[in-house]
file model.txt (compact mmCIF, C-alpha atoms and all ligand atoms)
# COMPACT_ATOMS: atom_id res chain seq x y z
CA MET A 1 20.98 6.28 -56.10
CA TYR A 2 21.63 9.21 -58.39
CA VAL A 3 20.81 12.86 -58.87
CA LYS A 4 19.29 13.60 -62.28
CA GLU A 5 19.02 17.34 -62.18
CA LEU A 6 20.18 20.22 -60.04
CA GLU A 7 18.83 23.74 -60.07
CA VAL A 8 20.25 26.56 -57.96
CA ILE A 9 19.27 30.22 -57.77
CA ASN A 10 21.46 32.80 -56.04
CA PHE A 11 23.68 30.10 -54.61
CA ARG A 12 27.33 31.24 -54.15
CA ASN A 13 28.50 32.62 -57.53
CA TYR A 14 25.52 31.14 -59.47
CA SER A 15 22.55 33.37 -60.30
CA ASN A 16 20.60 30.71 -62.08
CA LEU A 17 21.83 27.26 -62.92
CA LYS A 18 20.07 24.14 -64.13
CA ILE A 19 22.07 21.04 -65.02
CA GLU A 20 21.31 17.47 -65.91
CA PHE A 21 23.82 14.92 -64.76
CA ALA A 22 24.95 11.56 -66.09
CA LYS A 23 24.29 8.47 -63.97
CA GLY A 24 28.00 7.65 -64.01
CA LEU A 25 30.89 10.09 -64.06
CA ASN A 26 30.35 13.85 -64.18
CA ILE A 27 33.48 15.91 -64.70
CA LEU A 28 33.47 19.59 -63.81
CA VAL A 29 36.42 21.29 -65.44
CA GLY A 30 37.46 24.90 -65.05
CA GLU A 31 40.10 27.24 -63.75
CA ASN A 32 40.35 28.20 -60.08
CA ALA A 33 37.52 30.15 -58.45
CA GLN A 34 35.00 29.58 -61.27
CA GLY A 35 32.40 27.65 -59.26
CA LYS A 36 33.30 23.94 -59.43
CA THR A 37 33.36 23.36 -55.67
CA ASN A 38 30.18 25.40 -55.33
CA VAL A 39 28.34 22.77 -57.39
CA LEU A 40 29.71 19.99 -55.19
CA GLU A 41 28.70 22.01 -52.15
CA ALA A 42 25.10 22.23 -53.43
CA LEU A 43 25.06 18.48 -54.12
CA ASN A 44 26.52 17.67 -50.72
CA TYR A 45 23.97 19.97 -49.09
CA LEU A 46 21.24 17.56 -50.27
CA GLY A 47 22.65 14.85 -48.02
CA ALA A 48 24.34 16.77 -45.21
CA LEU A 49 21.79 19.64 -45.05
CA LYS A 50 24.65 22.03 -44.46
CA SER A 51 27.78 23.29 -46.15
CA HIS A 52 30.74 20.92 -46.05
CA ARG A 53 33.03 23.96 -45.81
CA GLY A 54 31.66 24.80 -42.38
CA ASN A 55 29.83 27.86 -43.70
CA LYS A 56 26.48 28.92 -42.32
CA ASP A 57 23.45 28.91 -44.66
CA LYS A 58 23.58 32.71 -44.81
CA GLU A 59 27.11 32.60 -46.22
CA ILE A 60 26.17 30.43 -49.17
CA ILE A 61 23.50 32.85 -50.38
CA LYS A 62 24.84 34.90 -53.31
CA TRP A 63 26.33 38.16 -52.10
CA GLY A 64 23.80 41.01 -52.24
CA LYS A 65 20.79 38.63 -52.34
CA ASN A 66 18.35 37.71 -49.55
CA LYS A 67 17.45 34.20 -50.56
CA ALA A 68 18.94 31.14 -52.23
CA TYR A 69 17.14 28.16 -53.69
CA ILE A 70 18.37 24.62 -54.28
CA ARG A 71 16.30 21.96 -56.02
CA ALA A 72 17.35 18.49 -57.03
CA ASN A 73 15.55 15.49 -58.34
CA GLY A 74 16.83 12.00 -58.58
CA SER A 75 16.15 8.38 -58.05
CA ARG A 76 16.60 5.79 -55.31
CA ASN A 77 15.60 2.13 -55.13
CA ILE A 78 12.40 3.14 -53.37
CA GLY A 79 11.44 5.70 -56.03
CA ASP A 80 12.06 9.18 -57.38
CA PHE A 81 12.50 12.21 -55.17
CA THR A 82 12.51 15.99 -55.43
CA LEU A 83 14.20 17.97 -52.70
CA GLU A 84 13.94 21.73 -52.36
CA PHE A 85 15.61 24.17 -50.00
CA LEU A 86 14.87 27.83 -49.63
CA LEU A 87 17.56 29.61 -47.63
CA SER A 88 16.97 33.10 -46.35
CA LEU A 89 18.96 35.81 -44.58
CA GLU A 90 15.94 36.65 -42.43
CA SER A 91 14.23 33.38 -41.60
CA LYS A 92 14.74 29.66 -41.03
CA LYS A 93 15.34 27.52 -44.08
CA GLU A 94 12.33 25.93 -45.74
CA ILE A 95 12.54 22.36 -46.96
CA LYS A 96 10.21 20.47 -49.27
CA LEU A 97 10.34 16.79 -50.08
CA ASN A 98 8.30 15.79 -53.13
CA GLY A 99 6.45 19.10 -52.93
CA ILE A 100 5.48 18.68 -49.27
CA LYS A 101 6.78 21.08 -46.65
CA ILE A 102 8.96 19.39 -44.02
CA ASN A 103 9.20 20.84 -40.54
CA LYS A 104 11.76 18.50 -39.01
CA THR A 105 15.12 18.26 -40.77
CA SER A 106 15.45 14.70 -39.48
CA GLU A 107 12.69 13.69 -41.92
CA VAL A 108 14.79 14.52 -44.98
CA PHE A 109 18.05 12.97 -43.83
CA GLY A 110 18.74 9.92 -45.92
CA THR A 111 16.84 11.14 -49.00
CA VAL A 112 20.23 11.75 -50.56
CA ASN A 113 23.40 10.13 -49.23
CA SER A 114 26.62 11.78 -50.22
CA VAL A 115 30.30 11.34 -49.54
CA ILE A 116 32.63 14.22 -50.26
CA PHE A 117 36.34 13.82 -50.65
CA SER A 118 38.46 16.96 -50.77
CA PRO A 119 42.15 17.74 -50.22
CA GLU A 120 41.41 18.42 -46.52
CA ASP A 121 40.30 14.79 -46.18
CA LEU A 122 43.75 13.70 -47.26
CA ARG A 123 44.92 15.33 -44.05
CA LEU A 124 42.46 13.30 -42.00
CA LEU A 125 45.29 11.56 -40.17
CA LYS A 126 47.51 14.58 -39.76
CA ASP A 127 45.06 17.24 -38.61
CA GLY A 128 43.53 17.73 -35.17
CA PRO A 129 40.93 15.43 -33.53
CA ASP A 130 38.03 17.71 -34.54
CA VAL A 131 38.57 16.73 -38.20
CA ARG A 132 38.38 13.03 -37.35
CA ARG A 133 35.31 13.52 -35.15
CA ARG A 134 33.63 15.41 -38.01
CA PHE A 135 34.44 12.53 -40.33
CA ILE A 136 32.53 10.11 -38.06
CA ASP A 137 29.73 12.54 -37.23
CA ASN A 138 28.99 13.44 -40.85
CA GLU A 139 28.47 9.80 -41.68
CA LEU A 140 26.37 8.99 -38.61
CA ASN A 141 24.26 12.13 -39.11
CA GLN A 142 23.26 10.89 -42.54
CA LEU A 143 22.56 7.37 -41.42
CA LYS A 144 20.84 8.05 -38.09
CA PRO A 145 18.55 11.08 -37.66
CA LYS A 146 18.53 10.46 -33.89
CA TYR A 147 22.32 10.80 -33.84
CA HIS A 148 22.09 14.18 -35.55
CA HIS A 149 19.50 15.32 -33.02
CA TYR A 150 21.49 14.10 -29.99
CA LEU A 151 24.74 15.58 -31.27
CA ASN A 152 23.06 18.97 -31.72
CA GLN A 153 21.57 18.79 -28.25
CA TYR A 154 24.90 17.71 -26.77
CA ASN A 155 26.74 20.63 -28.38
CA LYS A 156 24.13 23.12 -27.18
CA VAL A 157 24.35 21.86 -23.58
CA ILE A 158 28.18 21.93 -23.68
CA GLN A 159 28.02 25.60 -24.66
CA GLU A 160 25.63 26.37 -21.79
CA ARG A 161 27.83 24.45 -19.35
CA ASN A 162 30.95 26.24 -20.59
CA ASN A 163 29.22 29.59 -20.08
CA LEU A 164 28.69 28.71 -16.41
CA LEU A 165 32.24 27.36 -16.03
CA LYS A 166 33.66 30.62 -17.34
CA GLN A 167 31.78 32.39 -14.55
CA ARG A 168 33.21 29.81 -12.10
CA VAL A 169 29.70 28.63 -11.21
CA ASN A 170 29.08 25.13 -9.85
CA ASN A 171 25.37 24.90 -9.01
CA THR A 172 22.40 22.59 -9.55
CA LEU A 173 22.16 23.75 -13.14
CA ILE A 174 25.57 22.17 -13.79
CA ASP A 175 24.17 18.97 -12.34
CA ILE A 176 21.19 19.10 -14.71
CA TYR A 177 23.57 19.70 -17.62
CA ASP A 178 25.73 16.75 -16.55
CA GLU A 179 22.65 14.50 -16.53
CA GLN A 180 21.69 15.69 -20.02
CA LEU A 181 25.24 15.40 -21.35
CA SER A 182 25.54 11.83 -20.11
CA GLU A 183 22.21 10.96 -21.76
CA PHE A 184 23.13 12.45 -25.16
CA GLY A 185 26.84 11.68 -24.88
CA SER A 186 26.40 7.96 -24.15
CA PHE A 187 24.32 7.56 -27.29
CA ILE A 188 26.97 9.41 -29.31
CA ILE A 189 29.83 7.28 -27.93
CA LEU A 190 28.04 3.96 -28.39
CA ASN A 191 27.16 4.77 -32.01
CA ARG A 192 30.68 5.95 -32.75
CA ILE A 193 32.14 2.74 -31.29
CA GLU A 194 29.83 0.62 -33.45
CA PHE A 195 30.66 2.70 -36.53
CA ILE A 196 34.40 2.38 -35.91
CA LYS A 197 34.06 -1.38 -35.64
CA LYS A 198 32.53 -1.53 -39.14
CA LEU A 199 35.00 1.01 -40.48
CA SER A 200 37.87 -1.00 -39.09
CA ILE A 201 36.81 -4.22 -40.80
CA ILE A 202 36.07 -2.64 -44.20
CA SER A 203 39.11 -0.37 -44.29
CA LYS A 204 41.39 -3.29 -43.43
CA LEU A 205 40.32 -5.10 -46.59
CA LEU A 206 40.45 -2.02 -48.80
CA HIS A 207 43.78 -0.87 -47.45
CA ARG A 208 45.36 -4.25 -48.12
CA LYS A 209 44.15 -4.02 -51.73
CA ILE A 210 45.35 -0.45 -52.28
CA THR A 211 48.79 -1.21 -50.83
CA ASN A 212 49.14 -4.62 -52.51
CA GLY A 213 49.11 -6.32 -49.13
CA LYS A 214 52.06 -4.28 -47.85
CA GLU A 215 50.17 -2.40 -45.15
CA GLU A 216 47.71 -3.26 -42.41
CA ILE A 217 45.45 -0.53 -41.10
CA SER A 218 43.54 -0.63 -37.83
CA ILE A 219 41.41 1.96 -36.12
CA GLN A 220 40.56 2.61 -32.50
CA TYR A 221 38.12 5.01 -30.93
CA LYS A 222 39.88 6.99 -28.22
CA THR A 223 37.54 7.80 -25.37
CA ASP A 224 37.60 7.94 -21.57
CA VAL A 225 34.45 5.86 -21.21
CA LYS A 226 34.75 2.83 -23.43
CA ASP A 227 32.10 0.30 -22.47
CA VAL A 228 29.63 -2.01 -24.10
CA SER A 229 26.24 -0.91 -22.81
CA LEU A 230 24.51 2.43 -23.06
CA LYS A 231 23.71 2.34 -19.34
CA ASP A 232 27.36 1.78 -18.33
CA ILE A 233 28.67 4.48 -20.66
CA LYS A 234 26.05 6.88 -19.32
CA GLU A 235 27.04 6.26 -15.69
CA LYS A 236 30.76 6.54 -16.40
CA LEU A 237 30.27 9.70 -18.42
CA TYR A 238 28.27 11.30 -15.60
CA ARG A 239 31.05 10.42 -13.15
CA LEU A 240 33.66 11.79 -15.56
CA TYR A 241 31.99 15.22 -15.69
CA LYS A 242 31.71 15.24 -11.89
CA GLU A 243 35.33 14.16 -11.30
CA ASN A 244 36.63 16.89 -13.59
CA ILE A 245 34.52 19.79 -12.40
CA ALA A 246 37.33 21.50 -10.44
CA GLU A 247 39.63 21.24 -13.45
CA ASP A 248 36.84 22.44 -15.78
CA ILE A 249 36.19 25.51 -13.64
CA LYS A 250 39.91 26.30 -13.67
CA LYS A 251 40.04 25.96 -17.46
CA GLY A 252 36.66 27.55 -18.17
CA TYR A 253 35.46 24.72 -20.41
CA THR A 254 34.36 21.07 -20.29
CA SER A 255 37.59 19.16 -20.70
CA LYS A 256 36.28 15.57 -20.99
CA GLY A 257 33.55 13.88 -22.98
CA PRO A 258 32.76 12.79 -26.54
CA HIS A 259 33.39 16.34 -27.83
CA ARG A 260 37.09 15.68 -27.06
CA ASP A 261 37.34 12.07 -28.29
CA ASP A 262 39.49 11.00 -31.21
CA LEU A 263 40.32 8.22 -33.64
CA ILE A 264 43.68 6.54 -33.54
CA ILE A 265 44.77 5.03 -36.82
CA PHE A 266 47.55 2.47 -36.88
CA ILE A 267 49.51 1.41 -39.94
CA ASN A 268 51.45 -1.80 -39.49
CA GLY A 269 50.89 -1.47 -35.76
CA VAL A 270 52.23 2.05 -35.23
CA ASP A 271 50.33 5.29 -34.72
CA ALA A 272 50.09 6.75 -38.23
CA LYS A 273 49.66 10.34 -37.06
CA SER A 274 53.15 10.40 -35.63
CA TYR A 275 55.04 7.84 -37.68
CA ALA A 276 53.51 7.34 -41.15
CA SER A 277 54.91 9.12 -44.18
CA GLN A 278 52.76 11.68 -45.96
CA GLY A 279 52.08 9.17 -48.74
CA GLN A 280 51.02 6.49 -46.26
CA GLN A 281 48.73 8.96 -44.50
CA ARG A 282 47.07 9.91 -47.79
CA THR A 283 46.57 6.29 -48.75
CA ALA A 284 45.02 5.59 -45.35
CA ALA A 285 42.71 8.58 -45.80
CA LEU A 286 41.68 7.20 -49.18
CA SER A 287 40.93 3.79 -47.61
CA LEU A 288 38.80 5.44 -44.92
CA LYS A 289 36.84 7.49 -47.44
CA LEU A 290 36.21 4.50 -49.68
CA SER A 291 35.14 2.51 -46.61
CA GLU A 292 32.63 5.26 -45.80
CA ILE A 293 31.00 4.62 -49.18
CA GLU A 294 30.79 0.89 -48.48
CA ILE A 295 29.28 1.46 -45.03
CA ILE A 296 26.52 3.60 -46.56
CA LYS A 297 25.91 0.88 -49.17
CA GLY A 298 25.70 -1.70 -46.36
CA GLU A 299 23.25 0.38 -44.31
CA THR A 300 21.00 1.71 -47.08
CA GLY A 301 21.38 -0.90 -49.82
CA GLU A 302 22.58 1.77 -52.29
CA TYR A 303 25.77 3.62 -53.05
CA PRO A 304 25.80 7.31 -52.12
CA ILE A 305 26.74 9.97 -54.65
CA LEU A 306 30.47 10.64 -54.52
CA LEU A 307 31.92 14.13 -54.74
CA LEU A 308 35.63 14.31 -55.52
CA ASP A 309 36.85 17.85 -55.12
CA ASP A 310 40.27 18.45 -56.54
CA VAL A 311 41.75 15.24 -55.16
CA MET A 312 43.21 13.73 -58.32
CA SER A 313 46.18 16.08 -58.39
CA GLU A 314 46.93 15.17 -54.76
CA LEU A 315 47.22 11.44 -55.39
CA ASP A 316 49.90 9.53 -57.25
CA LEU A 317 49.02 7.61 -60.41
CA ILE A 318 48.47 4.26 -58.65
CA ARG A 319 46.09 5.77 -56.08
CA GLN A 320 44.31 7.77 -58.83
CA LYS A 321 43.77 4.60 -60.82
CA TYR A 322 42.58 2.68 -57.78
CA LEU A 323 40.12 5.42 -56.92
CA LEU A 324 38.70 5.70 -60.42
CA ASP A 325 38.45 1.91 -60.78
CA SER A 326 36.39 1.76 -57.59
CA LEU A 327 33.71 4.05 -58.97
CA LYS A 328 31.99 1.72 -61.41
CA ASP A 329 28.46 1.75 -59.93
CA ILE A 330 28.66 5.09 -58.16
CA GLN A 331 27.41 8.40 -59.51
CA THR A 332 30.52 10.54 -59.23
CA PHE A 333 31.22 14.25 -59.55
CA LEU A 334 34.83 15.10 -60.14
CA THR A 335 36.36 18.57 -60.26
CA ILE A 336 39.58 19.22 -62.16
CA THR A 337 41.33 22.25 -63.60
CA SER A 338 42.37 20.57 -66.85
CA LEU A 339 41.15 17.55 -68.81
CA ASN A 340 44.82 16.60 -69.24
CA ASP A 341 44.71 15.45 -65.61
CA ILE A 342 42.51 12.50 -66.53
CA GLU A 343 43.22 11.83 -70.19
CA LYS A 344 45.24 8.75 -69.26
CA PHE A 345 42.10 7.07 -67.91
CA ASN A 346 39.35 5.47 -69.97
CA PHE A 347 35.77 6.03 -68.94
CA ASP A 348 32.83 4.39 -70.71
CA LYS A 349 30.19 6.89 -69.77
CA LYS A 350 30.98 10.42 -68.74
CA ARG A 351 29.63 13.91 -69.07
CA VAL A 352 31.95 16.89 -69.05
CA PHE A 353 30.86 20.32 -67.84
CA GLU A 354 32.88 23.45 -68.44
CA VAL A 355 32.65 25.80 -65.50
CA TYR A 356 33.35 29.46 -66.09
CA ASN A 357 32.53 32.34 -63.78
CA GLY A 358 29.26 30.99 -62.43
CA THR A 359 28.05 29.44 -65.68
CA ILE A 360 28.19 25.85 -66.89
CA ASN A 361 28.20 24.38 -70.39
CA VAL A 362 27.98 20.70 -71.26
CA LYS A 363 31.09 19.92 -73.28
CA GLU A 364 30.53 16.44 -74.59
CA ILE A 365 28.11 13.63 -73.91
N1 LIG A 401 28.21 33.79 -51.21
C1 LIG A 401 28.83 34.00 -52.37
N2 LIG A 401 28.27 34.82 -53.31
C2 LIG A 401 28.88 35.03 -54.50
N3 LIG A 401 30.05 34.46 -54.86
C3 LIG A 401 30.64 33.66 -53.97
C4 LIG A 401 30.07 33.38 -52.68
N4 LIG A 401 30.89 32.54 -52.03
C5 LIG A 401 31.93 32.31 -52.87
N5 LIG A 401 31.79 32.97 -54.03
C6 LIG A 401 32.68 32.97 -55.19
O1 LIG A 401 32.73 31.65 -55.72
C7 LIG A 401 33.99 31.46 -56.35
C8 LIG A 401 34.67 30.21 -55.84
O2 LIG A 401 34.02 29.14 -56.36
P1 LIG A 401 34.54 27.67 -56.06
O3 LIG A 401 35.01 27.54 -54.67
O4 LIG A 401 33.45 26.76 -56.52
O5 LIG A 401 35.80 27.61 -57.02
P2 LIG A 401 36.45 26.39 -57.79
O6 LIG A 401 36.06 26.48 -59.22
O7 LIG A 401 36.16 25.13 -57.10
O8 LIG A 401 37.97 26.79 -57.65
P3 LIG A 401 39.26 25.96 -57.16
O9 LIG A 401 39.70 25.16 -58.34
O10 LIG A 401 40.21 27.05 -56.83
O11 LIG A 401 38.85 25.14 -55.98
C9 LIG A 401 34.88 32.61 -55.99
O12 LIG A 401 34.99 33.45 -57.13
C10 LIG A 401 34.14 33.30 -54.85
O13 LIG A 401 34.38 34.66 -54.85
call {"tool": "encode", "arguments": {"input": "model.txt", "output": "structure tokens", "more": "lines below"}}
Ligand SMILES: Nc1ncnc2c1ncn2[C@@H]1O[C@H](COP(=O)(O)OP(=O)(O)OP(=O)(O)O)[C@@H](O)[C@H]1O
result
Amino acid sequence: MYVKELEVINFRNYSNLKIEFAKGLNILVGENAQGKTNVLEALNYLGALKSHRGNKDKEIIKWGKNKAYIRANGSRNIGDFTLEFLLSLESKKEIKLNGIKINKTSEVFGTVNSVIFSPEDLRLLKDGPDVRRRFIDNELNQLKPKYHHYLNQYNKVIQERNNLLKQRVNNTLIDIYDEQLSEFGSFIILNRIEFIKKLSIISKLLHRKITNGKEEISIQYKTDVKDVSLKDIKEKLYRLYKENIAEDIKKGYTSKGPHRDDLIIFINGVDAKSYASQGQQRTAALSLKLSEIEIIKGETGEYPILLLDDVMSELDLIRQKYLLDSLKDIQTFLTITSLNDIEKFNFDKKRVFEVYNGTINVKEI
């Protein structure tokens, strides 16, 4: 798939922007704080339906304005698409797919698939479990609308439950919440386990290639309720909430469940979070990100768009080369601060955009 054109109005530091992209490599070059990441954010919004920086819709509207508009058209195997978003300070966002208003966000998931890779992702192994859970959730949200719905529901119920726990309440409402959490939570856990299985197989192969066969990567999903069937996970999860209620009341929050799960990544058999060097951790993060692309290809039959935000300078030459060599059939958007950073690489087809203070000029085609 690819995005042909992007138009944004009052989005971050852009008042009015319309750009046509190349099918292959698109390079956005500019100094810091000019608006490169903002373009990637708009592109990623098409697939994730939210900001990858964790900002709310209201925060991506240009300061001093009430509304922002994003429109993109592009092509997939099944045909062309036009996606439009109208974000407002006062009301819910409006979405249109091919000119038709969409009421349920789940209906537009999968129109655009995107994978974003930023310097934070290089810390995927080092940072806290929430970063690794987000890595899995972002992918599953795009691939399974039901997952997105259940995860949202789960998070809402956890908040309600935590509100009661803070007041040291243990009543029938808690029991209703535990039932709901086990229903949503079991679906989340089962899907994560299946995803990790695929990720494990693909990343093993990629990681061997990137490290010239020197390193073996393996990945495990860390949960309290590992099981094979939805029914079993649901029952165990329900029991887990019940068993921990006294502890939860003491702490004032729900201490067990999929919202606390994690990924453990092993390199050559040892836990990479504690024992791998920074370079090894970055390489593993690269393998996981590239695996994410392959999983989307496997599930949808097409490569997603790939957004590389400022990652070249964070990788050594070998990893840079490996990354760029892997991009042959993938529409890629790469941000850099200077063209010198990539002059050592040869690209057949590329389009360069100069980004300056919320404006963009095509440099060469
Ligand atoms: N809601 C907003 N309205 C207007 N401007 C905004 C908004 N949010 C961020 N900005 C501005 O956008 C600019 C940052 O853009 P962006 O993050 O795309 O930079 P960048 O070119 O990727 O820089 P770097 O190379 O440092 O990552 C900053 O000048 C910031 O003040």
call {"tool": "closest_residue", "arguments": {"input": "model.txt", "among": "A:Ser186, A:His207, A:Gln180, A:Arg282", "to": "Gly257 of chain A", "atoms": "all atoms listed in the file"}}
result
A:Ser186
call {"tool": "closest_atom_pairs", "arguments": {"input": "model.txt", "of": "segment 289-351 of chain A", "to": "segment 72-85 of chain A", "cutoff": "12 Å", "atoms": "all atoms listed in the file", "output": "tab-separated table"}}
result
residue	atom	partner	partner_atom	distance
A:Lys297	CA	A:Asn77	CA	12.0
A:Thr300	CA	A:Asn77	CA	9.7
A:Gly301	CA	A:Asn77	CA	8.4
A:Glu302	CA	A:Asn77	CA	7.5
A:Tyr303	CA	A:Arg76	CA	9.7
A:Pro304	CA	A:Arg76	CA	9.9
A:Ile305	CA	A:Gly74	CA	10.9
A:Gln331	CA	A:Gly74	CA	11.2
call {"tool": "residues_near_ligand", "arguments": {"input": "model.txt", "ligand": "ligand LIG 401 (chain A)", "cutoff": "6 Å", "atoms": "only C-alpha atoms and all ligand atoms", "output": "MDAnalysis selection string"}}
result
chainID A and resid 12:13 31:38 59:63
call {"tool": "closest_residue", "arguments": {"input": "model.txt", "among": "A:His148, A:Lys126, A:Lys104, A:Lys226", "to": "Ile265 of chain A", "atoms": "all atoms listed in the file"}}
result
A:Lys126
call {"tool": "atom_distance", "arguments": {"input": "model.txt", "atom1": "atom CA of Ile210 of chain A", "atom2": "atom CA of Glu314 of chain A"}}
result
15.9 Å
